[in-house]
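J.: Data: data.cif, mmCIF, C-alpha atoms.
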data_query
#
loop_
_atom_site.label_atom_id
_atom_site.label_comp_id
_atom_site.auth_asym_id
_atom_site.auth_seq_id
_atom_site.Cartn_x
_atom_site.Cartn_y
_atom_site.Cartn_z
CA MET A 683 10.80 -54.90 6.53
CA PRO A 684 10.93 -52.62 3.53
CA LYS A 685 11.11 -49.02 4.38
CA VAL A 686 8.01 -47.08 3.52
CA LYS A 687 9.10 -44.21 1.37
CA VAL A 688 7.13 -41.08 1.98
CA PRO A 689 7.43 -38.98 -1.17
CA ARG A 690 8.68 -35.58 -0.25
CA LYS A 691 6.56 -32.86 -1.67
CA SER A 692 7.75 -29.35 -1.87
CA THR A 693 5.59 -26.49 -0.75
CA ALA A 694 6.50 -24.38 -3.76
CA VAL A 695 3.54 -23.66 -5.99
CA ASP A 696 3.76 -23.60 -9.73
CA MET A 697 3.77 -19.96 -10.61
CA THR A 698 3.41 -20.36 -14.37
CA ALA A 699 -0.35 -20.04 -14.45
CA MET A 700 -0.36 -17.09 -12.13
CA CYS A 701 2.34 -15.47 -14.18
CA ASP A 702 0.29 -15.97 -17.34
CA VAL A 703 -2.77 -14.37 -15.84
CA SER A 704 -0.92 -11.45 -14.34
CA PHE A 705 0.83 -10.64 -17.60
CA LEU A 706 -2.42 -10.88 -19.48
CA LEU A 707 -3.92 -8.32 -17.12
CA LEU A 708 -0.82 -6.20 -17.31
CA THR A 709 -1.00 -6.12 -21.10
CA PHE A 710 -4.65 -5.15 -20.92
CA PHE A 711 -4.02 -2.27 -18.55
CA ILE A 712 -1.01 -1.02 -20.46
CA LEU A 713 -2.97 -0.99 -23.69
CA THR A 714 -6.05 0.69 -22.25
CA ALA A 715 -4.11 3.19 -20.17
CA LYS A 716 -4.35 6.72 -21.39
CA PHE A 717 -1.86 8.96 -19.78
CA LYS A 718 -2.80 12.43 -18.85
CA PRO A 719 -1.53 14.80 -21.50
CA GLU A 720 0.94 17.31 -20.27
CA GLU A 721 -1.06 20.08 -18.65
CA LEU A 722 0.01 23.47 -19.77
CA VAL A 723 -2.64 25.22 -17.77
CA ALA A 724 -2.66 24.46 -14.07
CA VAL A 725 -6.23 23.90 -12.99
CA ASP A 726 -7.22 22.54 -9.60
CA ILE A 727 -10.76 21.29 -10.16
CA PRO A 728 -13.39 21.24 -7.42
CA ASN A 729 -14.96 18.17 -5.83
CA SER A 730 -18.46 17.00 -6.34
CA ARG A 731 -20.40 13.81 -5.87
CA SER A 732 -21.15 13.51 -9.55
CA THR A 733 -20.00 10.17 -10.99
CA LYS A 734 -20.78 10.84 -14.60
CA SER A 735 -17.77 10.42 -16.84
CA PHE A 736 -17.55 11.88 -20.28
CA THR A 737 -15.74 11.52 -23.56
CA ASP A 738 -15.56 13.47 -26.82
CA ALA A 739 -15.67 16.91 -25.35
CA ILE A 740 -14.11 20.20 -26.14
CA THR A 741 -12.77 21.51 -22.88
CA ILE A 742 -12.79 25.14 -21.90
CA LEU A 743 -10.10 25.71 -19.32
CA LEU A 744 -10.31 28.59 -16.90
CA ASN A 745 -7.33 29.13 -14.65
CA LYS A 746 -7.18 30.97 -11.35
CA GLU A 747 -6.80 34.36 -13.01
CA GLY A 748 -9.86 33.72 -15.14
CA LYS A 749 -7.94 33.34 -18.39
CA ALA A 750 -9.67 31.06 -20.85
CA TYR A 751 -8.07 28.32 -22.92
CA ILE A 752 -9.46 25.70 -25.17
CA SER A 753 -8.39 22.08 -25.37
CA LEU A 754 -9.34 19.39 -27.83
CA GLY A 755 -8.16 15.85 -28.47
CA GLU A 756 -8.86 15.39 -32.16
CA SER A 757 -6.40 16.99 -34.54
CA LEU A 758 -8.68 16.69 -37.55
CA THR A 759 -11.41 18.63 -35.75
CA ARG A 760 -8.87 21.28 -34.88
CA LEU A 761 -8.04 21.72 -38.54
CA ASN A 762 -11.72 22.17 -39.35
CA MET A 763 -12.12 24.62 -36.49
CA LEU A 764 -9.26 26.73 -37.77
CA ASP A 765 -10.87 26.92 -41.20
CA GLN A 766 -14.14 28.05 -39.62
CA MET A 767 -12.38 30.73 -37.63
CA VAL A 768 -10.40 31.98 -40.63
CA GLU A 769 -13.65 32.30 -42.53
CA LYS A 770 -15.24 34.19 -39.68
CA TYR A 771 -12.40 36.53 -38.82
CA GLY A 772 -10.79 36.75 -42.28
CA ASP A 773 -12.30 40.13 -43.03
CA LYS A 774 -11.25 41.62 -39.73
CA TYR A 775 -7.71 40.25 -39.82
CA PRO A 776 -6.76 39.78 -43.52
CA GLU A 777 -3.43 38.16 -42.65
CA LEU A 778 -5.37 35.08 -41.48
CA LYS A 779 -6.15 34.27 -45.11
CA ASN A 780 -2.44 33.91 -45.84
CA LEU A 781 -1.92 30.98 -43.49
CA THR A 782 0.02 28.27 -45.28
CA PRO A 783 -1.00 24.58 -45.11
CA THR A 784 2.12 23.95 -43.01
CA GLN A 785 0.97 26.51 -40.49
CA LYS A 786 -2.45 24.92 -40.37
CA GLN A 787 -0.90 21.52 -39.81
CA PHE A 788 1.14 23.07 -37.04
CA PHE A 789 -2.04 24.37 -35.43
CA SER A 790 -3.68 20.97 -35.57
CA LYS A 791 -0.87 19.60 -33.43
CA ILE A 792 -1.37 22.08 -30.61
CA GLU A 793 -3.61 20.62 -27.94
CA THR A 794 -4.22 23.58 -25.70
CA TRP A 795 -4.89 26.88 -27.33
CA GLY A 796 -5.02 30.25 -25.59
CA THR A 797 -4.33 33.05 -28.02
CA PRO A 798 -6.50 35.80 -29.48
CA VAL A 799 -7.27 35.28 -33.15
CA SER A 800 -5.26 38.33 -34.16
CA ASP A 801 -2.12 36.64 -32.84
CA LEU A 802 -2.64 33.39 -34.76
CA PRO A 803 -0.23 34.00 -37.65
CA ARG A 804 2.59 35.05 -35.31
CA VAL A 805 2.23 32.02 -33.05
CA LEU A 806 1.90 29.61 -35.95
CA SER A 807 5.15 30.78 -37.49
CA MET A 808 7.06 29.89 -34.34
CA ASN A 809 9.22 26.80 -34.17
CA GLY A 810 8.88 24.02 -31.61
CA THR A 811 11.01 25.45 -28.83
CA GLN A 812 9.62 28.96 -29.21
CA LEU A 813 6.14 27.56 -28.96
CA GLN A 814 6.98 25.62 -25.82
CA ALA A 815 8.21 28.79 -24.18
CA TYR A 816 5.16 30.68 -25.42
CA GLN A 817 2.72 28.08 -24.13
CA LYS A 818 3.86 28.69 -20.58
CA GLN A 819 2.53 32.22 -20.71
CA MET A 820 -0.35 32.17 -23.13
CA PRO A 821 -2.50 35.30 -22.87
CA GLY A 822 -5.83 33.44 -23.01
CA ILE A 823 -8.74 33.66 -25.42
CA PRO A 824 -10.87 36.82 -25.07
CA ILE A 825 -14.21 36.08 -23.38
CA ASP A 826 -15.66 39.55 -22.78
CA SER A 827 -19.04 40.13 -24.33
CA ALA A 828 -17.75 42.68 -26.86
CA ASN A 829 -15.21 40.24 -28.31
CA ASN A 830 -16.16 36.74 -27.30
CA GLN A 831 -13.78 34.67 -29.40
CA LEU A 832 -14.11 31.68 -27.10
CA ALA A 833 -17.77 31.27 -28.05
CA ASP A 834 -16.75 31.41 -31.71
CA TRP A 835 -14.16 28.68 -31.18
CA VAL A 836 -16.73 26.50 -29.48
CA GLN A 837 -19.24 27.16 -32.20
CA ALA A 838 -16.58 26.29 -34.78
CA SER A 839 -16.02 22.99 -33.01
CA ARG A 840 -19.74 22.29 -33.13
CA TYR A 841 -19.79 22.91 -36.88
CA ALA A 842 -16.65 20.86 -37.39
CA THR A 843 -18.21 17.83 -35.70
CA ASP A 844 -21.82 18.32 -36.86
CA GLY A 845 -22.85 19.10 -33.30
CA ASN A 846 -21.56 15.81 -31.92
CA ILE A 847 -19.35 17.35 -29.32
CA LYS A 848 -19.96 18.10 -25.70
CA ILE A 849 -18.77 21.24 -24.05
CA ALA A 850 -16.91 20.80 -20.81
CA ILE A 851 -15.93 23.65 -18.56
CA LYS A 852 -12.89 22.93 -16.48
CA SER A 853 -12.30 25.69 -14.06
CA ASP A 854 -10.12 26.12 -11.03
CA LYS A 855 -11.99 26.01 -7.76
CA ASP A 856 -10.68 29.43 -6.78
CA THR A 857 -11.62 31.10 -10.04
CA ASN A 858 -13.83 34.11 -9.65
CA ILE A 859 -17.35 33.38 -10.77
CA GLU A 860 -17.44 36.30 -13.20
CA PRO A 861 -15.36 34.75 -16.02
CA VAL A 862 -17.35 31.54 -15.64
CA LYS A 863 -20.58 33.49 -15.99
CA GLU A 864 -19.10 35.33 -18.97
CA VAL A 865 -18.22 32.06 -20.69
CA VAL A 866 -21.66 30.59 -20.05
CA LYS A 867 -23.35 33.76 -21.22
CA GLY A 868 -21.28 33.82 -24.39
CA LEU A 869 -22.19 30.24 -25.19
CA THR A 870 -25.90 30.59 -24.44
CA SER A 871 -25.94 33.49 -26.88
CA LYS A 872 -24.71 30.96 -29.49
CA ASP A 873 -27.59 28.64 -28.56
CA ILE A 874 -25.44 26.25 -26.59
CA HIS A 875 -27.25 25.39 -23.39
CA ARG A 876 -25.72 22.17 -22.11
CA PHE A 877 -22.45 22.13 -20.28
CA LEU A 878 -20.40 19.69 -18.35
CA LEU A 879 -18.63 21.03 -15.32
CA VAL A 880 -15.51 18.97 -14.82
CA THR A 881 -15.07 17.86 -11.23
CA THR A 882 -13.34 15.15 -9.28
CA LEU A 883 -15.13 12.70 -7.08
CA SER A 884 -15.05 13.84 -3.49
CA GLY A 885 -13.66 11.09 -1.33
CA PRO A 886 -13.57 10.72 2.45
CA GLY A 887 -10.45 12.89 2.52
CA ALA A 888 -12.09 15.67 0.60
CA SER A 889 -10.94 19.18 1.20
CA PRO A 890 -12.55 20.82 4.22
CA THR A 891 -15.77 22.65 3.60
CA PRO A 892 -15.92 26.36 4.27
CA ALA A 893 -17.81 25.53 7.45
CA ASP A 894 -14.79 23.69 8.80
CA ASP A 895 -12.58 26.67 8.04
CA GLU A 896 -14.84 28.88 10.07
CA LYS A 897 -14.71 26.69 13.14
CA LYS A 898 -10.95 27.06 13.26
CA MET B 392 -0.24 -29.39 -11.17
CA ALA B 393 -0.12 -27.35 -8.08
CA GLU B 394 3.36 -28.21 -6.93
CA ILE B 395 6.74 -28.85 -8.38
CA ASP B 396 8.23 -32.26 -7.91
CA THR B 397 11.73 -31.51 -6.74
CA SER B 398 12.72 -35.04 -5.94
CA GLY B 399 14.42 -35.29 -9.32
CA GLY B 400 12.51 -38.27 -10.64
CA GLY B 401 13.45 -40.34 -7.64
CA GLY B 402 10.42 -42.59 -7.92
CA LYS B 403 11.72 -44.59 -10.86
CA HIS B 404 14.60 -47.03 -10.40
CA LYS B 405 15.30 -48.80 -13.68
CA GLY B 406 19.00 -49.35 -13.49
CA GLY B 407 21.60 -47.83 -15.76
CA VAL B 408 23.87 -44.92 -15.01
CA ARG B 409 21.92 -42.43 -13.15
CA SER B 410 22.84 -38.93 -14.23
CA LYS B 411 21.65 -36.13 -12.07
CA LYS B 412 18.72 -34.43 -13.78
CA MET B 413 18.52 -30.71 -13.39
CA SER B 414 15.08 -29.24 -13.29
CA THR B 415 14.31 -26.85 -16.13
CA ARG B 416 11.80 -24.98 -14.04
CA VAL B 417 12.50 -21.44 -13.12
CA ASP B 418 11.19 -19.81 -10.03
CA LEU B 419 8.59 -17.40 -11.33
CA THR B 420 7.71 -15.76 -8.05
CA PRO B 421 9.72 -12.53 -8.55
CA MET B 422 8.31 -12.19 -12.04
CA VAL B 423 4.78 -12.51 -10.73
CA ASP B 424 5.57 -9.97 -8.04
CA LEU B 425 6.77 -7.51 -10.62
CA ALA B 426 3.79 -8.14 -12.88
CA PHE B 427 1.35 -7.49 -10.08
CA LEU B 428 3.17 -4.36 -9.07
CA LEU B 429 2.83 -3.02 -12.60
CA ILE B 430 -0.82 -4.08 -12.78
CA THR B 431 -1.56 -2.17 -9.62
CA PHE B 432 0.20 0.87 -11.00
CA PHE B 433 -1.68 0.85 -14.29
CA MET B 434 -4.99 0.14 -12.64
CA LEU B 435 -4.64 3.08 -10.31
CA THR B 436 -3.40 5.53 -12.92
CA THR B 437 -6.16 4.71 -15.40
CA THR B 438 -9.05 5.06 -13.00
CA LEU B 439 -7.74 8.11 -11.21
CA SER B 440 -7.13 10.23 -14.26
CA LYS B 441 -10.68 9.84 -15.52
CA PRO B 442 -12.46 13.14 -14.96
CA LYS B 443 -16.04 13.26 -13.83
CA ALA B 444 -18.47 15.91 -14.87
CA MET B 445 -21.64 17.47 -13.68
CA GLN B 446 -24.34 18.42 -16.14
CA LEU B 447 -25.46 22.02 -16.23
CA ASN B 448 -28.35 23.06 -18.41
CA MET B 449 -29.02 26.71 -18.94
CA PRO B 450 -32.47 27.84 -20.02
CA LYS B 451 -33.27 28.83 -23.56
CA LYS B 452 -34.68 32.25 -24.05
CA THR B 453 -38.28 31.77 -24.92
CA GLU B 454 -40.92 34.12 -26.22
CA ASN B 455 -43.55 31.43 -26.20
CA GLU B 456 -46.07 32.01 -23.43
CA LYS B 457 -46.88 28.30 -23.26
CA ASP B 458 -43.34 27.44 -22.19
CA LYS B 459 -43.39 29.88 -19.35
CA GLN B 460 -44.12 28.61 -15.91
CA GLU B 461 -46.37 30.16 -13.37
CA ILE B 462 -44.42 30.99 -10.26
CA GLY B 463 -45.93 31.91 -6.95
CA GLU B 464 -44.10 33.97 -4.39
CA CYS B 465 -44.57 31.18 -1.88
CA GLN B 466 -42.53 28.58 -3.76
CA VAL B 467 -39.36 30.55 -4.34
CA MET B 468 -36.23 30.32 -2.26
CA ASN B 469 -33.29 32.55 -3.03
CA VAL B 470 -29.77 31.41 -2.33
CA LEU B 471 -26.98 33.96 -2.49
CA LEU B 472 -23.30 33.06 -2.54
CA ASP B 473 -20.83 35.68 -1.37
CA THR B 474 -17.08 36.09 -1.59
CA LEU B 475 -16.32 34.60 1.82
CA ASP B 476 -17.89 31.19 1.13
CA ASN B 477 -21.01 32.12 3.06
CA VAL B 478 -24.46 31.20 1.88
CA TRP B 479 -27.36 33.59 2.37
CA TYR B 480 -30.95 32.67 1.80
CA TYR B 481 -34.43 34.08 2.00
CA ASP B 482 -37.86 32.90 0.94
CA GLY B 483 -40.14 34.70 -1.43
CA LEU B 484 -39.53 37.43 -3.91
CA GLN B 485 -38.80 40.28 -1.55
CA VAL B 486 -35.50 40.66 0.20
CA ALA B 487 -36.52 40.22 3.79
CA GLY B 488 -35.35 37.96 6.53
CA LEU B 489 -32.02 37.30 4.85
CA GLN B 490 -30.14 34.67 6.84
CA LYS B 491 -26.58 33.50 6.76
CA THR B 492 -25.58 29.85 6.70
CA SER B 493 -22.85 27.67 5.25
CA PHE B 494 -22.20 24.56 3.19
CA ASP B 495 -22.02 22.47 6.32
CA PRO B 496 -23.51 19.07 5.43
CA SER B 497 -25.40 18.65 8.70
CA GLY B 498 -26.82 22.06 9.51
CA GLY B 499 -26.09 24.29 6.55
CA ILE B 500 -28.00 25.21 3.46
CA ARG B 501 -28.89 21.56 2.82
CA LYS B 502 -31.16 21.45 5.84
CA GLU B 503 -32.86 24.68 4.79
CA ILE B 504 -33.49 23.48 1.25
CA LEU B 505 -34.89 20.17 2.45
CA ALA B 506 -37.20 21.91 4.91
CA PHE B 507 -38.34 24.31 2.22
CA MET B 508 -39.01 21.51 -0.25
CA LYS B 509 -41.17 19.78 2.32
CA LYS B 510 -43.06 22.95 3.13
CA VAL B 511 -43.94 24.17 -0.36
CA PRO B 512 -46.27 21.41 -1.67
CA ASN B 513 -48.24 21.43 1.58
CA GLU B 514 -48.53 25.10 2.39
CA CYS B 515 -48.55 26.90 -0.91
CA PRO B 516 -51.81 27.53 -2.78
CA LEU B 517 -52.44 25.33 -5.79
CA THR B 518 -51.60 26.58 -9.27
CA SER B 519 -54.31 27.83 -11.60
CA LYS B 520 -54.41 24.32 -13.09
CA GLY B 521 -54.96 22.83 -9.66
CA ALA B 522 -51.57 21.18 -9.33
CA LYS B 523 -49.36 21.22 -6.28
CA ARG B 524 -46.39 23.52 -6.39
CA ASP B 525 -42.78 22.46 -6.16
CA ALA B 526 -39.97 24.39 -4.60
CA ILE B 527 -37.91 26.58 -6.90
CA VAL B 528 -34.43 27.61 -5.88
CA LEU B 529 -32.86 30.69 -7.43
CA ILE B 530 -29.10 30.66 -7.18
CA LYS B 531 -27.41 34.02 -7.30
CA MET B 532 -23.67 34.37 -7.17
CA LEU B 533 -22.32 37.69 -6.08
CA HIS B 534 -19.34 39.20 -7.83
CA GLY B 535 -16.21 37.61 -6.44
CA ALA B 536 -17.75 34.32 -5.41
CA ARG B 537 -15.59 31.33 -6.13
CA TYR B 538 -16.33 28.74 -8.80
CA LYS B 539 -16.09 26.05 -6.13
CA ASN B 540 -19.15 27.51 -4.41
CA MET B 541 -21.13 27.23 -7.62
CA VAL B 542 -20.21 23.55 -7.93
CA ASP B 543 -21.04 23.07 -4.25
CA ILE B 544 -24.49 24.58 -4.53
CA LEU B 545 -25.25 22.57 -7.67
CA ASP B 546 -24.14 19.52 -5.73
CA GLU B 547 -26.57 20.44 -2.96
CA MET B 548 -29.35 20.65 -5.54
CA ASP B 549 -28.47 17.11 -6.57
CA ILE B 550 -28.28 15.86 -2.99
CA THR B 551 -31.56 17.40 -1.90
CA GLY B 552 -33.23 16.29 -5.12
CA CYS B 553 -34.39 19.79 -5.96
CA LYS B 554 -35.47 19.58 -9.60
CA ILE B 555 -36.18 23.20 -10.41
CA TYR B 556 -33.38 25.65 -9.94
CA ALA B 557 -31.95 28.50 -11.91
CA ILE B 558 -28.78 30.52 -11.88
CA GLN B 559 -29.53 34.21 -11.99
CA GLU B 560 -27.81 37.53 -11.70
CA PRO B 561 -28.23 39.05 -8.24
CA ASP B 562 -30.32 42.19 -7.90
CA PRO B 563 -28.55 45.32 -6.63
CA ILE B 564 -30.75 45.23 -3.55
CA GLU B 565 -29.62 41.72 -2.75
CA ILE B 566 -25.98 42.65 -3.11
CA GLU B 567 -26.54 45.54 -0.75
CA ALA B 568 -28.34 43.36 1.75
CA VAL B 569 -25.49 40.88 1.87
CA GLU B 570 -22.96 43.69 2.25
CA ASN B 571 -24.93 45.05 5.18
CA GLY B 572 -24.84 41.67 6.87
CA GLY B 573 -28.39 40.69 6.13
CA THR B 574 -30.34 43.83 6.95
CA VAL B 575 -31.80 45.89 4.20
CA LYS B 576 -31.22 49.51 5.13
CA THR B 577 -32.66 51.27 2.14
CA PHE B 578 -35.23 48.59 1.56
CA ASN B 579 -38.46 49.91 0.30
CA LYS B 580 -41.28 47.77 -0.97
CA ASP B 581 -41.72 49.99 -4.00
CA VAL B 582 -38.16 49.31 -5.08
CA VAL B 583 -38.90 45.67 -5.71
CA LYS B 584 -39.92 45.21 -9.27
CA GLU B 585 -43.64 44.89 -9.68
CA ASP B 586 -43.35 42.31 -12.42
CA ALA B 587 -41.46 40.01 -10.12
CA LYS B 588 -44.55 39.22 -8.12
#
Is it possible to express this structure as structure tokens?
T.:
Amino acid sequence: MPKVKVPRKSTAVDMTAMCDVSFLLLTFFILTAKFKPEELVAVDIPNSRSTKSFTDAITILLNKEGKAYISLGESLTRLNMLDQMVEKYGDKYPELKNLTPTQKQFFSKIETWGTPVSDLPRVLSMNGTQLQAYQKQMPGIPIDSANNQLADWVQASRYATDGNIKIAIKSDKDTNIEPVKEVVKGLTSKDIHRFLLVTTLSGPGASPTPADDEKK
Amino acid sequence: MAEIDTSGGGGKHKGGVRSKKMSTRVDLTPMVDLAFLLITFFMLTTTLSKPKAMQLNMPKKTENEKDKQEIGECQVMNVLLDTLDNVWYYDGLQVAGLQKTSFDPSGGIRKEILAFMKKVPNECPLTSKGAKRDAIVLIKMLHGARYKNMVDILDEMDITGCKIYAIQEPDPIEIEAVENGGTVKTFNKDVVKEDAK
């Protein structure tokens, strides 16, 4: 009687195909991932149920104290914006006209901006480390109605992109409403009427509503 | 395809010196584990960092009479936001019957807005063109209100489906009313602007 040989089969599965797929996905996610740029201005944005996402926007940042900053992704647009502002404020602050091309290039590399126009030449002649220290305590862009430079910056960005830019307002949830109103008022006076209020999606673990606070 | 034959080619006996064949296959399981871990990480970081935004349109100043809308006292609801996260509301154009509520999803301002929206088309007189009126909500944020409240009330507008709303500056009389806890002490009908009616 010949022995019947039962071929032994291992339970191990060939992982090659799975490995291929997973690395393909991994490559995709690595390439599409866009890391958050380093946030110089701490802003804790409020929740809402809005699910609209946006791109290509100039962001107005308002921190807890109501100081305004401006943030933009495109460096070429920034260069254009600076030229617009120099043209606008050149008569008031003549030293702006003496900005060198190197200083302008330096400006185009700064992502978050929060300095009055009069201070531009001083900040742009700083070196890298000085700037880093300065960016931690930027004074903010003036937004009061007498000297609303923020509106001028936003308008400059509109000119620089032929109007193809959205305006996003990213404000801390504890910011007083007055600076927000001031910003909106300044921009409506420049004929800008559409805004995006940056929010996060409120999940099930959303922060308690004021009503819950009261019950406690 | 689905499994690795680990029997080392044991099925074929064709004589000759049998040298032990080592499999060239490597166990890929840890590599797959690692890859999936990284995938999960990148998936989560990309979707979470995407900011959402809420559209806010402010009105244009218009001198054109045609663009102006006829507003009846009956269709207006005023919502006031104060510094302590409270919501105050009253109907009509005169500060009377100011009531305090909250952003509570079940019994707060949402319920009031929904009730008001249901009431207006049925109870208000028709416009001069014979159309039914829709509810209009005027949002007024008192000095010192938080930005979060503004986002919350705009969210409520979206939830209730209220199409017509406007953000306005509060009148001094409204500020006073809220400070007095809802009662209008110095309220006088003549104080209310005539053109508001």
J.: Residues within 10 Å of Lys452 (chain B), please, as a list in words. Count all atoms listed in the file; anything in the same chain fewer than 3 positions from it doesn't count.
T.: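 Everything that qualifies: Thr870, Ser871 and Asp873 of chain A; Met449 and Asn455 of chain B.
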J.: Evaluate the PyMOL selection byres ((chain B) within 8 of (chain A)) and record the selected residues as a PDB file with C-alpha atoms, in the frame of the given file, following the chain and residue labels used in the document.
T.:
ATOM      1  CA  MET B 392      -0.240 -29.390 -11.170  1.00  0.00           C
ATOM      2  CA  ALA B 393      -0.120 -27.350  -8.080  1.00  0.00           C
ATOM      3  CA  GLU B 394       3.360 -28.210  -6.930  1.00  0.00           C
ATOM      4  CA  ILE B 395       6.740 -28.850  -8.380  1.00  0.00           C
ATOM      5  CA  ASP B 396       8.230 -32.260  -7.910  1.00  0.00           C
ATOM      6  CA  THR B 397      11.730 -31.510  -6.740  1.00  0.00           C
ATOM      7  CA  SER B 398      12.720 -35.040  -5.940  1.00  0.00           C
ATOM      8  CA  ASP B 418      11.190 -19.810 -10.030  1.00  0.00           C
ATOM      9  CA  LEU B 419       8.590 -17.400 -11.330  1.00  0.00           C
ATOM     10  CA  THR B 420       7.710 -15.760  -8.050  1.00  0.00           C
ATOM     11  CA  MET B 422       8.310 -12.190 -12.040  1.00  0.00           C
ATOM     12  CA  VAL B 423       4.780 -12.510 -10.730  1.00  0.00           C
ATOM     13  CA  ALA B 426       3.790  -8.140 -12.880  1.00  0.00           C
ATOM     14  CA  PHE B 427       1.350  -7.490 -10.080  1.00  0.00           C
ATOM     15  CA  LEU B 429       2.830  -3.020 -12.600  1.00  0.00           C
ATOM     16  CA  ILE B 430      -0.820  -4.080 -12.780  1.00  0.00           C
ATOM     17  CA  PHE B 433      -1.680   0.850 -14.290  1.00  0.00           C
ATOM     18  CA  MET B 434      -4.990   0.140 -12.640  1.00  0.00           C
ATOM     19  CA  THR B 436      -3.400   5.530 -12.920  1.00  0.00           C
ATOM     20  CA  THR B 437      -6.160   4.710 -15.400  1.00  0.00           C
ATOM     21  CA  SER B 440      -7.130  10.230 -14.260  1.00  0.00           C
ATOM     22  CA  LYS B 441     -10.680   9.840 -15.520  1.00  0.00           C
ATOM     23  CA  PRO B 442     -12.460  13.140 -14.960  1.00  0.00           C
ATOM     24  CA  LYS B 443     -16.040  13.260 -13.830  1.00  0.00           C
ATOM     25  CA  ALA B 444     -18.470  15.910 -14.870  1.00  0.00           C
ATOM     26  CA  MET B 445     -21.640  17.470 -13.680  1.00  0.00           C
ATOM     27  CA  GLN B 446     -24.340  18.420 -16.140  1.00  0.00           C
ATOM     28  CA  LEU B 447     -25.460  22.020 -16.230  1.00  0.00           C
ATOM     29  CA  ASN B 448     -28.350  23.060 -18.410  1.00  0.00           C
ATOM     30  CA  MET B 449     -29.020  26.710 -18.940  1.00  0.00           C
ATOM     31  CA  PRO B 450     -32.470  27.840 -20.020  1.00  0.00           C
ATOM     32  CA  LYS B 451     -33.270  28.830 -23.560  1.00  0.00           C
ATOM     33  CA  ASP B 476     -17.890  31.190   1.130  1.00  0.00           C
ATOM     34  CA  ASN B 477     -21.010  32.120   3.060  1.00  0.00           C
ATOM     35  CA  SER B 493     -22.850  27.670   5.250  1.00  0.00           C
ATOM     36  CA  PHE B 494     -22.200  24.560   3.190  1.00  0.00           C
ATOM     37  CA  ASP B 495     -22.020  22.470   6.320  1.00  0.00           C
ATOM     38  CA  MET B 532     -23.670  34.370  -7.170  1.00  0.00           C
ATOM     39  CA  HIS B 534     -19.340  39.200  -7.830  1.00  0.00           C
ATOM     40  CA  GLY B 535     -16.210  37.610  -6.440  1.00  0.00           C
ATOM     41  CA  ALA B 536     -17.750  34.320  -5.410  1.00  0.00           C
ATOM     42  CA  ARG B 537     -15.590  31.330  -6.130  1.00  0.00           C
ATOM     43  CA  TYR B 538     -16.330  28.740  -8.800  1.00  0.00           C
ATOM     44  CA  LYS B 539     -16.090  26.050  -6.130  1.00  0.00           C
ATOM     45  CA  MET B 541     -21.130  27.230  -7.620  1.00  0.00           C
ATOM     46  CA  VAL B 542     -20.210  23.550  -7.930  1.00  0.00           C
ATOM     47  CA  ASP B 543     -21.040  23.070  -4.250  1.00  0.00           C
ATOM     48  CA  ASP B 546     -24.140  19.520  -5.730  1.00  0.00           C
TER      49      ASP B 546
END
J.: Name the residues captured by the PyMOL selection byres ((chain A and resi 800) around 9) when it is applied to the shown file; answer as a VMD selection string.
T.: chain A and resid 771 774 to 775 777 to 778 797 to 799 801 to 804
J.: Have a look at CA of Lys554 (chain B) and CA of Ala526 (chain B) and let me know their distance in Å, one decimal.
T.: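 Taking CA of Lys554 (chain B) as the start and CA of Ala526 (chain B) as the end point, the length is 8.3 Å.
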J.: Leu471 (chain B): which residues within 9 Å, counting all atoms listed in the file, same-chain residues fewer than 6 positions away excluded, as number ranges by chain?
T.: B: 477-481, 529-533, 561, 565-566, 569
J.: Give me the result of the PyMOL selection byres ((chain A and resi 834) around 10) on this file, residue by residue, as a PyMOL selection string.
T.: chain A and resi 763+766-767+770-771+825+829-833+835-840+868-869+872
J.: Nearest to Glu567 (chain B): which of B:Leu489, B:Cys465, B:Met508, B:Ile500 is it, counting all atoms listed in the file?
T.: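 Ranking B:Leu489, B:Cys465, B:Met508, B:Ile500 by distance to Glu567 (chain B), first place goes to B:Leu489.
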J.: Please identify all polymer residues within 7 Å of region 781-790 of chain A, counting all atoms listed in the file, omitting same-chain residues fewer than 2 positions from it, and present them as a PyMOL selection string.
T.: chain A and resi 757-758+760-761+778-779+792+803+806-807
J.: Once N, CA and C atoms are restored for region 742-747 of chain A, what would the output be as an mmCIF file, keeping the file's coordinate frame?
T.:
data_model
loop_
_atom_site.group_PDB
_atom_site.id
_atom_site.type_symbol
_atom_site.label_atom_id
_atom_site.label_comp_id
_atom_site.auth_asym_id
_atom_site.auth_seq_id
_atom_site.Cartn_x
_atom_site.Cartn_y
_atom_site.Cartn_z
ATOM 1 N N ILE A 742 -13.135 23.747 -22.127
ATOM 2 C CA ILE A 742 -12.790 25.140 -21.900
ATOM 3 C C ILE A 742 -12.084 25.188 -20.554
ATOM 4 N N LEU A 743 -10.858 25.649 -20.568
ATOM 5 C CA LEU A 743 -10.100 25.710 -19.320
ATOM 6 C C LEU A 743 -10.119 27.139 -18.802
ATOM 7 N N LEU A 744 -10.366 27.261 -17.512
ATOM 8 C CA LEU A 744 -10.310 28.590 -16.900
ATOM 9 C C LEU A 744 -9.349 28.484 -15.717
ATOM 10 N N ASN A 745 -8.274 29.250 -15.757
ATOM 11 C CA ASN A 745 -7.330 29.130 -14.650
ATOM 12 C C ASN A 745 -7.695 30.121 -13.552
ATOM 13 N N LYS A 746 -6.862 30.154 -12.526
ATOM 14 C CA LYS A 746 -7.180 30.970 -11.350
ATOM 15 C C LYS A 746 -7.425 32.436 -11.684
ATOM 16 N N GLU A 747 -6.664 32.940 -12.671
ATOM 17 C CA GLU A 747 -6.800 34.360 -13.010
ATOM 18 C C GLU A 747 -7.998 34.615 -13.902
#
